[in-house]
Structure formats: C-alpha cells, structure tokens
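Asks: Please see the structure below; I have some questions.
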Amino acid sequence: MTAGPDPVVLVAHGSRDPRAAVTTEALARAVAAARPGLLVRSSYLDHGPPRPAAVLAELEAAGHAGVVLVPLLLTAAYHGRVDIPDAVETARAAGLRVPVRVTDVLGPTGQGPHPYLVAGLRRRLAEAVGTAAGGAAGEFDAVVLAAAGTRDAAARRTVVQVAEALGVALGVPARVGYASAAPPTAGAAVAELRAAGARRVAVASYFLAPGRLYDTAMDSARRAGAVALAAPLGDAPELAELVLARAGAR
C-alpha cells in the first residue's frame with residue numbers, strides 16, 4: 001500500500017466551456033500546494049475526462065488504501081444527491097474495492113456557510129471593486145450573490161444563507177440572483193436593491209468556475225447597472241482551505 005494521506009479526488013460538474021476545466025485544475029494545484037504531500041486529482045461528471053470512476057481505479061491500482069472524494073458543488077441539489085453517489089457506484093460496479101469517503105459539498109449542508117466560503121467570496125468581490133481583500137465594503141452599498149440556480153427549494157435556501165452571511169460580513173443589504181431555473185435573475189436583484197435606495201450595487205459570484213451560466217448572470221447584472229462583477233471563486237486560497245477542511249486534511 002502507498003504511504004501517506006489518502007489522496008483527494010475533486011469532482012466537478014464539468015462544462016463545454018474550456019475555461020471551467022482550466023479553473024478546476026488550478027484549484028487542484030492550489031489544494032495540493034496548501035497541503036504538501038497530499039495527492040490531489042480532478043475529475044468531471046460530464047463534458048470531458050477523466051470521469052471519477054477512472055481516477056478512482058487509477059488510485060487503487062497505484063496502491064492507495066483509501067480515497068477522499070470532494071464534490072466541487074455549492075449546493076446539495078441533484079448533482080450532489082444523485083450524480084456523485086452514482087459515480088461511486090459506477091466505480092464499484094467496475095470492480096473498485098478501495099474505501100471511498102465522500103465529503104459534504106462546499107456550500108452549507110444543514111449549518112451556515114463555512115467561514116472559508118464567505119472569506120473567498122469577499123476576496124473575489126474585493127478584487128472586483130479594487131479594495132484590499134478582507135476589507136470593508138467601501139465602494140458599494142449593496143451586494144447581489146449571483147448563483148447558477150436550481151429548482152431544488154432546499155438548495156436555494158442554502159444560497160440565501162450564504163447571501164445573508166455575506167451581507168452581514170460586509171455590513172450591506174444582500175440579495176440572491178440566479179442565472180436559470182428560479183427567479184429573480186441577477187439583474188432583477190440588482191434592480192430591486194437600486195429601487196430600494198442602493199446607489200452602487202456590486203455582484204458577488206457564487207460560481208466555482210466561468211461558463212455559460214456565470215456569463216448569463218453577470219451580463220444580466222451589468223445591464224441592470226451593477227458597479228462591480230466578481231470573478232468565480234476558482235483557485236482562491238480560501239476555497240483551497242475549504243476543500244482541505246471538507247477532506248479532513250486540516
């Protein structure tokens with residue numbers, strides 16, 4: 001058996017947009033750099049290799065005694081509840097015997113958002129508005145948390161939890177806006193805050209990587225008059241630490 005900590009396999013949804021895989025690989029490198037000696041691999045549920053089952057089989061063949069699988073998902077909706085377990089079952093059906101521990105998703109799962117998640121959102125927002133990471137809201141007086149969207153009401157409630165925590169941390173009103181599947185759009189959320197008296201509305205990004213839905217949300221917010229649009233969380237140091245926390249490697 002291979003010595004050392006169990007390797008970590010990141011499982012992203014995958015995207016036709018090549019920027020998404022580039023971002024996922026950058027996050028994998030950031031996680032590995034934050035925990036020297038830890039083997040970190042990326043995998044994708046759709047739109048490109050490697051699939052989780054293939055990575056799990058490779059790690060077993062290399063002699064690892066166990067694997068930790070971390071879903072790169074911000075809500076525990078369909079992909080987390082169905083696709084991730086199915087991926088492990090596919091590997092089992094193909095002969096996998098090594099133990100696989102699947103962690104919680106990166107978003108809230110019954111409790112409030114992890115402080116690392118809120119800190120990562122603040123970092124990307126601060127970068128967008130040109131203020132120091134972790135600083136005060138400064139150049140904006142309201143924030144919209146732009147997310148992909150889901151028909152799962154329980155998952156949407158966790159997005160609201162994150163928006164509320166971000167608003168409290170920044171000391172400004174906060175709303176959620178979606179790219180698809182549920183109202184309001186990011187643009188409608190910006191317009192609502194402006195109608196309520198906010199003069200400068202910034203948009204935080206509840207996306208792990210760029211892609212069609214990220215672009216949709218940000219275009220909507222831009223047209224509605226948002227003054228700053230945050231980049232996806234990507235390889236933010238706080239997100240790497242959150243992955244390690246979920247994996248129990250911190």
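Letters A, B, ... go to the chains of the structure tokens in the order shown; residues in each chain start at 1; ligands are counted from 1 in the same order.
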At a cut-off of 6 Å, using only C-alpha atoms, what residues contact region 21-32 of chain A? Leave out same-chain residues fewer than 4 positions from it and give the result as a ChimeraX atom specification.
Replies: /A:38,40,209,234-235,240
Asks: Find the residues around Val190 (chain A) up to 10 Å (only C-alpha atoms counted), leave out those fewer than 3 positions away in its own chain, and share them as a PyMOL selection string.
Replies: chain A and resi 142-146+174-177+184-187+193-196+198+200-203+220-227
Asks: Could you give me, as a list in words, the residues within 7 Å of Val129 (chain A), counting only C-alpha atoms and dropping anything in the same chain fewer than 3 positions from it?
Replies: Leu125, Ala126, Glu139 and Ala228 of chain A
Asks: Write down as number ranges by chain the residues belonging to region 13-239 of chain A that are assigned alpha helix (DSSP H) by DSSP computed on the backbone.
Replies: A: 18-34, 52-61, 78, 84-93, 115-129, 153-170, 186-195, 212-223, 237-239
Asks: Check the DSSP output for the backbone and give back, as an NGL selection string, the residues of region 19-238 of chain A in strand (DSSP E).
Replies: :A and (40-44 or 67-71 or 100-102 or 142-147 or 174-178 or 201-206 or 228-229)
Asks: Please list as a ChimeraX atom specification every residue within 8 Å of region 86-88 of chain A, counting only C-alpha atoms and excluding residues in the same chain fewer than 2 positions away.
Replies: /A:45,52-53,82-84,90-92,100
Asks: Using only C-alpha atoms, which protein or nucleic acid residues come within 12 Å of region 157-161 of chain A? Drop anything in the same chain fewer than 5 positions from it, and give the result as a PyMOL selection string.
Replies: chain A and resi 73-77+105-114+117-118+144-152+166-168+174-178+182+205-207
Asks: What's around Val68 (chain A) at 8 Å? Count only C-alpha atoms, leave out sequence neighbours fewer than 3 positions away in its own chain, and write the answer as an mmCIF file with N, CA and C atoms, in the first residue's frame.
Replies:
```
data_model
loop_
_atom_site.group_PDB
_atom_site.id
_atom_site.type_symbol
_atom_site.label_atom_id
_atom_site.label_comp_id
_atom_site.auth_asym_id
_atom_site.auth_seq_id
_atom_site.Cartn_x
_atom_site.Cartn_y
_atom_site.Cartn_z
ATOM 1 N N ASP A 6 -4.610 9.717 2.475
ATOM 2 C CA ASP A 6 -5.438 9.302 1.348
ATOM 3 C C ASP A 6 -5.518 10.419 0.317
ATOM 4 N N PRO A 7 -5.389 10.103 -0.950
ATOM 5 C CA PRO A 7 -5.498 11.138 -1.978
ATOM 6 C C PRO A 7 -6.899 11.736 -2.016
ATOM 7 N N VAL A 8 -6.964 12.952 -2.514
ATOM 8 C CA VAL A 8 -8.238 13.672 -2.641
ATOM 9 C C VAL A 8 -8.590 13.768 -4.118
ATOM 10 N N VAL A 9 -9.809 13.372 -4.446
ATOM 11 C CA VAL A 9 -10.314 13.491 -5.807
ATOM 12 C C VAL A 9 -11.388 14.568 -5.818
ATOM 13 N N VAL A 100 -13.975 4.586 -0.273
ATOM 14 C CA VAL A 100 -14.122 5.952 -0.778
ATOM 15 C C VAL A 100 -14.991 6.727 0.198
ATOM 16 N N ARG A 101 -14.452 7.798 0.730
ATOM 17 C CA ARG A 101 -15.236 8.668 1.618
ATOM 18 C C ARG A 101 -15.649 9.907 0.839
ATOM 19 N N VAL A 102 -16.954 10.102 0.721
ATOM 20 C CA VAL A 102 -17.484 11.265 0.012
ATOM 21 C C VAL A 102 -17.802 12.348 1.028
ATOM 22 N N THR A 103 -17.254 13.524 0.851
ATOM 23 C CA THR A 103 -17.458 14.620 1.796
ATOM 24 C C THR A 103 -18.714 15.405 1.453
ATOM 25 N N ALA A 247 -12.189 17.687 3.392
ATOM 26 C CA ALA A 247 -11.490 16.407 3.278
ATOM 27 C C ALA A 247 -10.888 15.917 4.604
#
```
Asks: Using only C-alpha atoms, which residues sit within 10 Å of Leu121 (chain A) once same-chain residues fewer than 6 positions away are excluded, as a VMD selection string?
Replies: chain A and resid 115 127 133 to 134 145 162 to 163 166 204 to 207 230 to 233 236 238 to 239
Asks: Grab the CA of Leu10 (chain A) to CA of Ala62 (chain A) distance for me, in Å with one decimal place.
Replies: 17.7 Å
Asks: Would you mind telling me which residue in A:Arg35, A:Arg246, A:His13, A:Arg97 lies nearest to Arg51 (chain A) when using only C-alpha atoms?
Replies: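 For Arg51 (chain A), the nearest of the candidates is A:His13.
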Asks: I'd like the interatomic distance between CA of Ala20 (chain A) and CA of Val70 (chain A), to a tenth of an Å.
Replies: 16.9 Å
Asks: What's the separation between CA of Glu164 (chain A) and CA of Gly248 (chain A), in Å to one decimal place?
Replies: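 That distance, rounded to one decimal, is 26.5 Å.
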Asks: Between A:Ala34, A:Ala189, A:Ala165, A:Ala179, which residue has the minimum interatomic distance to Val243 (chain A), considering only C-alpha atoms?
Replies: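 The closest residue to Val243 (chain A) is A:Ala34.
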